[in-house]
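Here's target.cif, which has mmCIF, C-alpha atoms:
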data_work
#
loop_
_atom_site.label_atom_id
_atom_site.label_comp_id
_atom_site.auth_asym_id
_atom_site.auth_seq_id
_atom_site.Cartn_x
_atom_site.Cartn_y
_atom_site.Cartn_z
CA MET A 215 -0.11 10.65 49.93
CA ALA A 216 -0.12 13.31 47.24
CA SER A 217 -1.84 16.52 48.09
CA GLN A 218 -5.40 17.03 46.89
CA LEU A 219 -4.30 19.95 44.76
CA ALA A 220 -1.71 17.80 42.94
CA LEU A 221 -4.29 15.05 42.39
CA LYS A 222 -6.79 17.53 41.02
CA SER A 223 -4.31 18.92 38.56
CA ARG A 224 -3.30 15.41 37.43
CA ILE A 225 -6.96 14.54 36.90
CA ASN A 226 -7.43 17.69 34.84
CA SER A 227 -4.44 17.06 32.63
CA THR A 228 -5.37 13.40 32.14
CA THR A 229 -8.88 14.45 31.16
CA SER A 230 -7.60 16.77 28.47
CA LEU A 231 -5.18 14.13 27.21
CA GLY A 232 -8.06 11.69 27.07
CA LYS A 233 -10.01 14.16 24.97
CA ILE A 234 -7.08 14.46 22.56
CA PHE A 235 -6.75 10.67 22.26
CA ASN A 236 -10.46 10.36 21.67
CA ALA A 237 -10.32 12.99 18.94
CA GLN A 238 -7.33 11.25 17.32
CA GLU A 239 -9.22 7.98 17.39
CA MET A 240 -12.18 9.56 15.64
CA ILE A 241 -9.91 11.18 13.06
CA ALA A 242 -8.29 7.82 12.35
CA SER A 243 -11.69 6.16 11.92
CA SER A 244 -12.72 8.79 9.43
CA HIS A 245 -9.47 8.28 7.50
CA ILE A 246 -10.16 4.58 7.12
CA ALA A 247 -13.16 5.19 4.90
CA LYS A 248 -11.03 7.50 2.78
CA ALA A 249 -8.19 4.98 2.54
CA ARG A 250 -10.66 2.32 1.47
CA ASN A 251 -11.97 4.60 -1.29
CA VAL A 252 -8.49 5.30 -2.59
CA ALA A 253 -7.74 1.57 -2.65
CA LEU A 254 -11.01 0.83 -4.47
CA ASN A 255 -10.28 3.52 -7.04
CA ALA A 256 -6.84 2.16 -7.77
CA LYS A 257 -8.05 -1.43 -8.05
CA PRO A 258 -9.35 -1.47 -11.66
CA TYR A 259 -6.00 -0.26 -12.96
CA THR A 260 -4.11 -2.82 -10.90
CA ASP A 261 -6.45 -5.53 -12.14
CA ALA A 262 -5.90 -4.46 -15.74
CA ILE A 263 -2.13 -4.66 -15.27
CA PHE A 264 -2.36 -8.08 -13.67
CA ASP A 265 -4.55 -9.35 -16.47
CA ALA A 266 -2.13 -8.02 -19.05
CA VAL A 267 0.87 -9.57 -17.31
CA GLN A 268 -0.97 -12.86 -17.04
CA ALA A 269 -1.83 -12.73 -20.72
CA LEU A 270 1.79 -11.97 -21.52
CA ALA A 271 3.03 -14.77 -19.33
CA ALA A 272 0.53 -17.24 -20.71
CA HIS A 273 1.36 -16.62 -24.34
CA THR A 274 5.02 -16.05 -24.33
CA ASP A 275 8.06 -17.26 -22.58
CA ILE A 276 9.00 -14.03 -20.92
CA ASP A 277 12.65 -13.29 -21.25
CA HIS A 278 13.12 -10.01 -19.51
CA PRO A 279 15.50 -8.92 -16.73
CA ILE A 280 12.57 -8.12 -14.45
CA VAL A 281 11.48 -11.75 -14.33
CA LYS A 282 14.87 -13.40 -14.55
CA SER A 283 17.44 -13.03 -11.85
CA LYS A 284 20.64 -11.73 -13.30
CA ASP A 285 22.82 -14.14 -11.40
CA ASP A 286 26.00 -12.23 -11.97
CA GLY A 287 27.31 -12.60 -8.45
CA ASN A 288 26.28 -9.10 -7.48
CA PRO A 289 25.88 -9.09 -3.70
CA ARG A 290 23.90 -5.85 -3.58
CA VAL A 291 20.20 -6.11 -2.78
CA ALA A 292 17.71 -3.32 -2.11
CA VAL A 293 15.48 -3.32 0.95
CA LEU A 294 12.56 -0.92 1.10
CA ALA A 295 10.95 -0.36 4.51
CA LEU A 296 7.50 1.23 4.59
CA THR A 297 7.06 3.18 7.83
CA ALA A 298 4.67 5.91 8.97
CA ASP A 299 5.11 9.65 8.69
CA ARG A 300 3.64 10.39 12.07
CA GLY A 301 3.75 8.70 15.42
CA MET A 302 0.83 7.85 17.69
CA ALA A 303 0.31 4.63 15.78
CA GLY A 304 1.31 2.16 18.43
CA ALA A 305 3.93 -0.34 17.38
CA TYR A 306 3.42 0.25 13.66
CA THR A 307 6.78 1.77 12.83
CA SER A 308 8.77 -0.08 15.47
CA SER A 309 7.63 -3.48 14.24
CA ILE A 310 8.56 -2.54 10.68
CA ILE A 311 11.97 -1.39 11.87
CA ARG A 312 12.45 -4.55 13.92
CA GLU A 313 11.59 -6.71 10.91
CA THR A 314 13.83 -4.65 8.63
CA GLU A 315 16.76 -5.03 11.00
CA GLY A 316 16.14 -8.76 11.10
CA LEU A 317 16.03 -8.95 7.30
CA LEU A 318 19.18 -6.85 6.97
CA SER A 319 21.14 -9.08 9.32
CA ARG A 320 19.83 -12.23 7.58
CA LEU A 321 20.89 -10.84 4.23
CA GLU A 322 24.27 -9.85 5.58
CA ALA A 323 24.69 -13.32 7.01
CA GLN A 324 24.15 -14.65 3.49
CA GLY A 325 27.00 -12.51 2.25
CA LYS A 326 24.80 -9.94 0.62
CA ASP A 327 25.15 -6.21 0.76
CA PRO A 328 21.75 -4.68 1.51
CA GLN A 329 21.01 -1.13 0.41
CA LEU A 330 18.34 0.43 2.56
CA TYR A 331 15.53 2.56 1.18
CA VAL A 332 13.10 4.09 3.67
CA TYR A 333 9.63 5.43 3.14
CA GLY A 334 7.95 7.46 5.91
CA ARG A 335 9.34 10.15 8.18
CA ARG A 336 9.52 8.02 11.33
CA GLY A 337 11.75 5.45 9.69
CA VAL A 338 13.91 8.12 8.07
CA THR A 339 14.41 9.85 11.44
CA TYR A 340 15.25 6.54 13.09
CA TYR A 341 18.01 5.72 10.64
CA ARG A 342 19.29 9.28 10.36
CA TYR A 343 19.60 9.57 14.14
CA ARG A 344 21.66 6.39 14.18
CA ASN A 345 23.85 7.59 11.31
CA ARG A 346 22.95 4.61 9.18
CA LYS A 347 23.55 4.75 5.48
CA VAL A 348 20.28 5.06 3.63
CA ALA A 349 20.22 4.85 -0.16
CA GLY A 350 16.96 6.70 -0.68
CA THR A 351 14.08 8.16 1.30
CA TRP A 352 10.53 9.32 0.67
CA GLU A 353 8.55 11.34 3.19
CA GLY A 354 5.21 12.99 3.59
CA ASP A 355 2.87 10.62 1.80
CA SER A 356 2.30 7.71 4.11
CA ASP A 357 -1.28 8.79 4.90
CA HIS A 358 -2.41 9.07 1.33
CA PRO A 359 0.06 7.39 -0.99
CA GLY A 360 -0.66 8.66 -4.47
CA VAL A 361 0.40 7.45 -7.85
CA ARG A 362 3.17 10.02 -7.91
CA VAL A 363 5.06 8.64 -4.93
CA ALA A 364 4.52 5.06 -6.15
CA LYS A 365 6.00 6.06 -9.49
CA SER A 366 8.92 7.82 -7.87
CA ILE A 367 9.69 4.77 -5.72
CA SER A 368 9.35 2.26 -8.52
CA ASP A 369 11.39 4.41 -10.90
CA THR A 370 14.21 4.74 -8.39
CA LEU A 371 14.24 1.08 -7.49
CA LEU A 372 13.88 -0.20 -11.05
CA ASP A 373 16.65 2.13 -12.07
CA ALA A 374 18.88 0.61 -9.38
CA TYR A 375 17.78 -2.86 -10.43
CA MET A 376 18.49 -2.33 -14.11
CA LYS A 377 21.93 -0.89 -13.55
CA PRO A 378 24.81 -3.28 -14.10
CA LYS A 379 26.84 -4.68 -11.25
CA ASP A 380 29.76 -2.31 -11.57
CA LYS A 381 27.50 0.74 -11.44
CA ASP A 382 25.99 0.08 -8.03
CA GLY A 383 23.10 -1.91 -9.41
CA VAL A 384 21.13 -4.22 -7.17
CA ASN A 385 20.14 -7.80 -7.78
CA GLU A 386 16.99 -8.16 -5.73
CA LEU A 387 14.39 -5.98 -4.10
CA TYR A 388 12.70 -6.74 -0.82
CA ILE A 389 9.83 -4.73 0.61
CA VAL A 390 9.00 -4.70 4.30
CA PHE A 391 5.44 -3.52 4.80
CA THR A 392 2.40 -4.04 6.96
CA GLU A 393 -0.40 -5.98 5.43
CA PHE A 394 -3.91 -4.94 6.31
CA MET A 395 -5.83 -8.07 7.34
CA ASN A 396 -8.70 -6.33 9.13
CA MET A 397 -9.27 -3.51 11.57
CA VAL A 398 -7.69 -5.43 14.43
CA VAL A 399 -5.01 -7.51 12.75
CA GLN A 400 -2.20 -6.08 10.70
CA ARG A 401 0.73 -8.24 9.80
CA VAL A 402 4.29 -7.27 8.97
CA ARG A 403 5.39 -8.97 5.78
CA VAL A 404 8.55 -9.19 3.77
CA LEU A 405 7.99 -9.47 0.07
CA ARG A 406 10.58 -10.13 -2.57
CA MET A 407 9.42 -7.85 -5.32
CA LEU A 408 12.22 -8.23 -7.84
CA PRO A 409 12.89 -10.32 -9.76
CA VAL A 410 9.26 -11.21 -10.30
CA GLN A 411 8.65 -14.89 -10.03
CA ILE A 412 6.17 -16.38 -12.40
CA VAL A 413 4.53 -19.49 -11.13
CA TRP A 414 2.86 -21.90 -13.48
CA GLN A 415 -0.20 -22.94 -11.65
CA GLY A 416 -1.76 -26.33 -12.09
CA LYS A 417 -5.37 -25.50 -11.41
CA GLY A 418 -7.33 -22.84 -13.17
CA GLU A 419 -10.05 -22.29 -10.57
CA ASP A 420 -8.01 -20.02 -8.38
CA ASP A 421 -7.52 -17.58 -11.14
CA GLY A 422 -9.64 -14.49 -10.78
CA SER A 423 -11.27 -15.60 -7.57
CA ASP A 424 -8.64 -13.97 -5.43
CA PRO A 425 -10.51 -11.39 -3.35
CA GLU A 426 -7.61 -8.99 -3.45
CA GLY A 427 -7.55 -9.14 -7.19
CA SER A 428 -3.82 -9.41 -7.07
CA GLY A 429 -3.72 -12.11 -9.64
CA ALA A 430 -3.86 -15.64 -8.39
CA LYS A 431 -1.23 -15.65 -5.76
CA VAL A 432 0.05 -18.96 -4.60
CA ALA A 433 2.13 -19.61 -1.57
CA ALA A 434 5.21 -20.58 -3.44
CA GLU A 435 8.32 -20.60 -1.40
CA ALA A 436 10.98 -18.59 -3.07
CA PRO A 437 14.70 -18.59 -2.45
CA VAL A 438 14.49 -15.91 0.20
CA PRO A 439 16.26 -15.67 3.53
CA ALA A 440 14.95 -17.93 6.25
CA ALA A 441 11.62 -16.62 7.42
CA SER A 442 11.59 -15.09 10.85
CA THR A 443 9.05 -15.98 13.45
CA SER A 444 7.21 -12.68 13.48
CA ALA A 445 6.65 -12.29 9.79
CA ASP A 446 6.65 -14.52 6.83
CA THR A 447 8.77 -13.83 3.85
CA SER A 448 7.38 -14.64 0.49
CA ALA A 449 8.21 -13.82 -3.04
CA ASP A 450 5.96 -11.84 -5.23
CA THR A 451 4.49 -14.42 -7.49
CA THR A 452 2.38 -14.09 -10.53
CA ALA A 453 0.49 -17.21 -11.20
CA VAL A 454 -0.72 -18.13 -14.58
CA ALA A 455 -3.72 -20.32 -14.94
CA GLN A 456 -3.36 -22.61 -17.86
CA VAL A 457 -5.07 -25.91 -17.45
CA GLY A 458 -8.38 -26.47 -19.19
CA LYS A 459 -8.42 -23.11 -20.84
CA VAL A 460 -7.42 -22.50 -24.40
CA SER A 461 -5.95 -19.07 -24.40
CA PRO A 462 -6.52 -16.80 -27.34
CA LEU A 463 -3.51 -15.87 -29.35
CA TYR A 464 -2.66 -12.27 -28.69
CA SER A 465 -0.93 -10.03 -31.09
CA PHE A 466 1.41 -7.46 -29.63
CA GLU A 467 1.81 -3.94 -30.89
CA PRO A 468 4.36 -2.71 -31.74
CA SER A 469 6.36 -5.77 -30.70
CA LEU A 470 6.50 -8.23 -27.85
CA GLU A 471 9.73 -6.78 -26.46
CA GLU A 472 8.40 -3.27 -26.41
CA VAL A 473 5.16 -4.36 -24.78
CA LEU A 474 7.15 -6.19 -22.11
CA ASP A 475 9.39 -3.18 -21.60
CA ALA A 476 6.35 -0.97 -21.15
CA ILE A 477 4.15 -3.22 -19.06
CA LEU A 478 6.53 -4.88 -16.62
CA PRO A 479 7.67 -1.58 -15.02
CA LYS A 480 4.02 -0.61 -14.74
CA TYR A 481 3.34 -3.94 -13.09
CA ILE A 482 6.08 -3.26 -10.52
CA GLN A 483 4.70 0.21 -9.96
CA ALA A 484 1.20 -1.16 -9.46
CA ARG A 485 2.53 -3.75 -7.00
CA ILE A 486 4.41 -1.07 -5.07
CA HIS A 487 1.36 1.16 -5.05
CA GLU A 488 -0.68 -1.71 -3.70
CA CYS A 489 1.86 -2.21 -0.91
CA LEU A 490 1.75 1.52 -0.12
CA LEU A 491 -2.03 1.47 0.03
CA THR A 492 -2.25 -1.56 2.28
CA ALA A 493 0.47 -0.04 4.48
CA ALA A 494 -1.48 3.22 4.71
CA ALA A 495 -4.63 1.34 5.69
CA SER A 496 -2.67 -0.59 8.33
CA GLU A 497 -1.16 2.62 9.64
CA THR A 498 -4.58 4.19 10.05
CA ALA A 499 -5.99 1.08 11.68
CA SER A 500 -3.11 0.70 14.10
CA ARG A 501 -3.34 4.40 14.92
CA GLN A 502 -6.99 3.98 15.68
CA ASN A 503 -6.30 0.96 17.87
CA ALA A 504 -3.49 2.74 19.68
CA MET A 505 -5.64 5.79 20.31
CA HIS A 506 -8.51 3.62 21.49
CA THR A 507 -6.23 1.95 24.03
CA ALA A 508 -4.84 5.33 25.06
CA THR A 509 -8.35 6.69 25.64
CA ASP A 510 -9.19 3.65 27.75
CA ASN A 511 -5.99 4.05 29.73
CA ALA A 512 -6.69 7.73 30.33
CA ASN A 513 -10.17 6.90 31.61
CA ASN A 514 -8.79 4.21 33.94
CA LEU A 515 -6.17 6.62 35.22
CA ILE A 516 -8.82 9.27 35.85
CA ASP A 517 -10.91 6.73 37.79
CA SER A 518 -8.04 5.65 40.00
CA LEU A 519 -6.88 9.23 40.55
CA THR A 520 -10.41 10.28 41.48
CA ARG A 521 -10.57 7.41 43.95
CA GLU A 522 -7.28 8.49 45.45
CA LEU A 523 -8.48 12.08 45.65
CA ASN A 524 -11.67 11.02 47.41
CA ALA A 525 -9.75 8.86 49.84
CA SER A 526 -7.36 11.64 50.67
CA ARG A 527 -10.22 14.14 51.13
CA GLN A 528 -12.01 11.65 53.36
CA ALA A 529 -8.85 11.13 55.36
CA ALA A 530 -8.44 14.88 55.80
CA ILE A 531 -12.07 15.24 56.98
CA THR A 532 -11.71 12.34 59.39
CA GLN A 533 -8.54 13.82 60.79
CA GLU A 534 -10.19 17.22 61.27
CA LEU A 535 -13.15 15.59 63.00
CA THR A 536 -10.86 13.64 65.32
CA GLU A 537 -9.02 16.83 66.17
CA ILE A 538 -12.23 18.74 66.90
CA ILE A 539 -13.67 15.93 69.03
CA GLY A 540 -10.39 15.49 70.82
CA SER A 541 -10.10 19.16 71.68
CA ALA A 542 -13.75 19.36 72.71
CA ASP A 543 -13.16 16.41 75.04
CA ALA A 544 -10.12 18.09 76.50
CA LEU A 545 -12.10 21.34 77.11
CA ASN A 546 -14.92 19.39 78.81
CA LYS A 547 -12.43 17.64 81.06
CA GLN A 548 -10.90 21.00 82.08
CA GLU A 549 -14.33 22.41 83.08
CA GLU A 550 -15.00 19.42 85.27
CA MET B 166 -28.55 -1.74 -37.16
CA ALA B 167 -30.20 -3.06 -34.05
CA ASP B 168 -28.27 -6.33 -34.04
CA LYS B 169 -24.93 -4.59 -34.28
CA LYS B 170 -22.24 -6.20 -32.18
CA LEU B 171 -20.89 -4.19 -29.30
CA LEU B 172 -17.69 -4.25 -27.35
CA GLN B 173 -17.29 -3.69 -23.66
CA VAL B 174 -14.96 -0.79 -22.88
CA ASN B 175 -13.28 -0.15 -19.57
CA LEU B 176 -11.07 2.91 -19.33
CA VAL B 177 -9.07 3.13 -16.11
CA ALA B 178 -6.45 5.54 -14.88
CA SER B 179 -3.93 4.48 -12.28
CA ASP B 180 -5.80 6.09 -9.40
CA HIS B 181 -9.41 5.98 -10.49
CA PRO B 182 -11.70 4.37 -13.03
CA VAL B 183 -12.55 6.84 -15.80
CA TRP B 184 -15.27 5.38 -17.96
CA SER B 185 -16.87 2.08 -18.70
CA GLY B 186 -19.67 1.02 -20.96
CA THR B 187 -20.44 -0.47 -24.31
CA ALA B 188 -19.29 0.90 -27.62
CA THR B 189 -19.61 0.22 -31.31
CA SER B 190 -16.11 1.38 -32.10
CA VAL B 191 -13.09 2.78 -30.32
CA THR B 192 -10.17 4.76 -31.67
CA ILE B 193 -6.86 4.49 -29.87
CA PRO B 194 -3.59 6.39 -30.19
CA ALA B 195 -1.43 3.27 -30.44
CA SER B 196 2.32 3.56 -30.45
CA GLU B 197 2.54 3.28 -34.22
CA GLY B 198 -0.38 5.42 -35.21
CA VAL B 199 -4.06 5.69 -34.53
CA MET B 200 -5.82 2.37 -34.40
CA GLY B 201 -9.51 1.69 -34.70
CA ILE B 202 -11.03 -1.23 -32.87
CA LEU B 203 -14.35 -2.78 -33.85
CA PRO B 204 -16.12 -5.72 -32.19
CA ASP B 205 -14.56 -9.12 -32.84
CA HIS B 206 -11.10 -7.70 -33.25
CA GLU B 207 -8.34 -10.22 -32.71
CA PRO B 208 -6.87 -10.41 -29.18
CA LEU B 209 -4.43 -7.58 -28.85
CA LEU B 210 -2.06 -6.04 -26.36
CA SER B 211 -0.73 -2.70 -27.43
CA ILE B 212 1.10 0.24 -25.94
CA ILE B 213 -0.38 3.69 -26.17
CA LYS B 214 1.83 6.70 -25.87
CA GLY B 215 -0.54 9.57 -25.46
CA GLY B 216 -3.30 11.31 -27.32
CA THR B 217 -7.03 11.00 -27.52
CA VAL B 218 -9.11 7.90 -27.11
CA SER B 219 -12.54 8.22 -28.64
CA VAL B 220 -15.34 5.86 -27.95
CA VAL B 221 -18.55 5.75 -29.98
CA ASP B 222 -21.36 4.44 -27.84
CA PRO B 223 -24.43 2.56 -29.18
CA SER B 224 -26.47 5.76 -29.47
CA GLY B 225 -23.84 7.24 -31.76
CA GLU B 226 -22.48 9.64 -29.23
CA ARG B 227 -18.73 10.13 -29.23
CA HIS B 228 -16.79 10.36 -25.97
CA SER B 229 -13.23 11.60 -26.09
CA PHE B 230 -10.62 11.19 -23.41
CA THR B 231 -7.14 12.62 -23.27
CA VAL B 232 -4.80 9.92 -22.07
CA ALA B 233 -1.10 9.56 -21.52
CA ASP B 234 1.19 6.58 -21.30
CA GLY B 235 -0.61 3.31 -20.94
CA PHE B 236 -1.67 0.21 -22.77
CA ILE B 237 -4.77 -1.49 -24.06
CA SER B 238 -5.73 -5.09 -24.02
CA PHE B 239 -8.50 -6.58 -26.07
CA ASP B 240 -9.83 -10.07 -25.62
CA SER B 241 -13.23 -11.61 -26.41
CA ASN B 242 -14.87 -8.25 -27.06
CA LYS B 243 -13.61 -6.75 -23.82
CA LEU B 244 -11.38 -3.75 -24.22
CA THR B 245 -9.37 -2.51 -21.27
CA ILE B 246 -7.59 0.80 -21.60
CA ALA B 247 -5.24 1.39 -18.70
CA VAL B 248 -3.44 4.69 -18.59
CA GLU B 249 -0.87 6.07 -16.23
CA ARG B 250 -1.79 9.61 -15.40
CA GLY B 251 -5.23 9.99 -13.98
CA GLN B 252 -4.90 13.73 -13.52
CA ASP B 253 -4.27 14.15 -17.19
CA VAL B 254 -7.40 12.36 -18.21
CA ILE B 255 -9.88 14.96 -19.33
CA ARG B 256 -13.31 13.85 -20.30
CA THR B 257 -15.15 15.75 -22.93
CA SER B 258 -18.27 14.45 -24.52
CA GLY B 259 -20.42 15.64 -27.30
CA THR B 260 -22.01 14.46 -30.49
CA ASP B 261 -20.52 15.03 -33.85
#

What would you get if you wrote out this structure as structure tokens?
Amino acid sequence: MASQLALKSRINSTTSLGKIFNAQEMIASSHIAKARNVALNAKPYTDAIFDAVQALAAHTDIDHPIVKSKDDGNPRVAVLALTADRGMAGAYTSSIIRETEGLLSRLEAQGKDPQLYVYGRRGVTYYRYRNRKVAGTWEGDSDHPGVRVAKSISDTLLDAYMKPKDKDGVNELYIVFTEFMNMVVQRVRVLRMLPVQIVWQGKGEDDGSDPEGSGAKVAAEAPVPAASTSADTSADTTAVAQVGKVSPLYSFEPSLEEVLDAILPKYIQARIHECLLTAAASETASRQNAMHTATDNANNLIDSLTRELNASRQAAITQELTEIIGSADALNKQEE
Amino acid sequence: MADKKLLQVNLVASDHPVWSGTATSVTIPASEGVMGILPDHEPLLSIIKGGTVSVVDPSGERHSFTVADGFISFDSNKLTIAVERGQDVIRTSGTD
């Protein structure tokens, strides 16, 4: 049995760790409100973009590289993994990495050549330590993804997407991120962001009633690699409600092509920003959950250590008593 | 002109909403020159490069906003101005 001194020092250190976990948990809870505010502030802009893209899609037959796959036999595809900047978030980063590895091997099995882009310091460190080739990285913003980092990511990826085959261009873009369902459930998802798939939707009711405001998204299966068991893979779809609604005829200034050229990249940027925001919310939530569990564990450990300490103290007292009684008995016997 | 028609304006930057309200007329720095929009304008989707958006509200007050890189969409008297750089949006208001 460990000495009482050792037990006491373990109890002390566990207590201070527990305090740290508790503080981290409270910090994470306070960040959630902030993350929600940022997401709410960005929503009107995202909605405006979605509306504009829907209007464009409804009135014109979009013929733009962003919505049409180039189909030039280019095997290169881009994969963007959204990880956390800091640890202490439970399985957040490791499940993203696991899913990314799965996606990479599925893509490779299909004869494609995935180019990896990593967002978040933990993911970057993981791949750098393993000497894996990474095409681009972003660090330092996973807590509070701003417009600037979203723009930088979408510019880089769109640039790679628009480049022709012989200049290291890519044909598709996949994003691996964690979707924020609620405080307890966060789900790793793989989204095919490029080329954008426009879905002509039969019913008009769904349009606009989507609580996320992400346009009417329908669960259309896209030609993506076979979905894994842990996460579902879906394409980014923009649905256009048409039935029973006579759409007004828009005029485009200065011209349809220029409007498309201007708005579609913004649409991609808004989608990426949305992914970053939901990933940041998930990160905060999973950090809070992890810290909550850690606090509970620390308290359990303190309880069991205290019990052990008490038992060992009791044992020591009992032993001392036995010794005293035994020696007293022996003395009495000698006097007789 | 109490029965004057109004249009609903919603000005949003990429990271925060900037202004929303009703207006009698709006001036926009469209890509091919300044464009004025009155109620019942035809549906329109236009790029804006950068400059000053001014909104005249029903009381005649003029609000000006510096915007950069965005687009506007107008449909059934609803005008949405979405601009890229929220930091660059400066709001100044005053009557003239």

| query | Which residue gives the smallest distance to Ala247 of chain B among A:Val348, A:Met240, A:Leu491, A:Ala262, with only C-alpha atoms counted? | reply |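 Smallest separation from Ala247 of chain B among the options: A:Ala262.
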
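Among B:Leu203, B:Leu209, B:Glu197, B:Gly215, the residue with the shortest atom-to-atom distance to Thr245 of chain B, counting all atoms listed in the file, is B:Leu209.
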
| request: Apply the PyMOL selection byres ((chain A) within 6 of (chain B)) to the structure shown and report the selected residues as a list of chain:residue names. | output: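 Evaluating the PyMOL selection byres ((chain A) within 6 of (chain B)) on this file yields A:Asn255, A:Ala256, A:Tyr259, A:Tyr464, A:Ser465, A:Phe466, A:Glu467.
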
| Could you write out as a PyMOL selection string the residues that the PyMOL selection byres ((chain A and resi 325-338) around 6) matches in the shown file? | chain A and resi 289-299+321-324+339-342+348-353+356

| Pro194 of chain B: which residues within 8 Å, counting all atoms listed in the file, same-chain residues fewer than 3 positions away excluded, as a PyMOL selection string? | chain B and resi 197-200+213-218

| request: Quick one: apply the PyMOL selection byres ((chain A and resi 302) around 8) to the file and drop the selected residues here as a PyMOL selection string. | output: chain A and resi 300-301+303-304+501+504-505

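Atom pair atom CA of Phe394 of chain A / atom CA of Ala499 of chain A: separated by 8.3 Å.
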
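For the pair atom CA of Gln528 of chain A and atom CA of Ala542 of chain A, the interatomic distance is 20.9 Å.
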
| remark: Computed gap from atom CA of Ala266 of chain A to atom CA of Val174 of chain B is 15.2 Å

| field | Non-local contacts of Ile516 of chain A (10 Å; only C-alpha atoms; under 5 positions in same chain excluded) as JSON, numbers by chain | value | {"A": [221, 222, 224, 225, 226, 227, 228, 229, 232, 510, 511, 521, 522]}
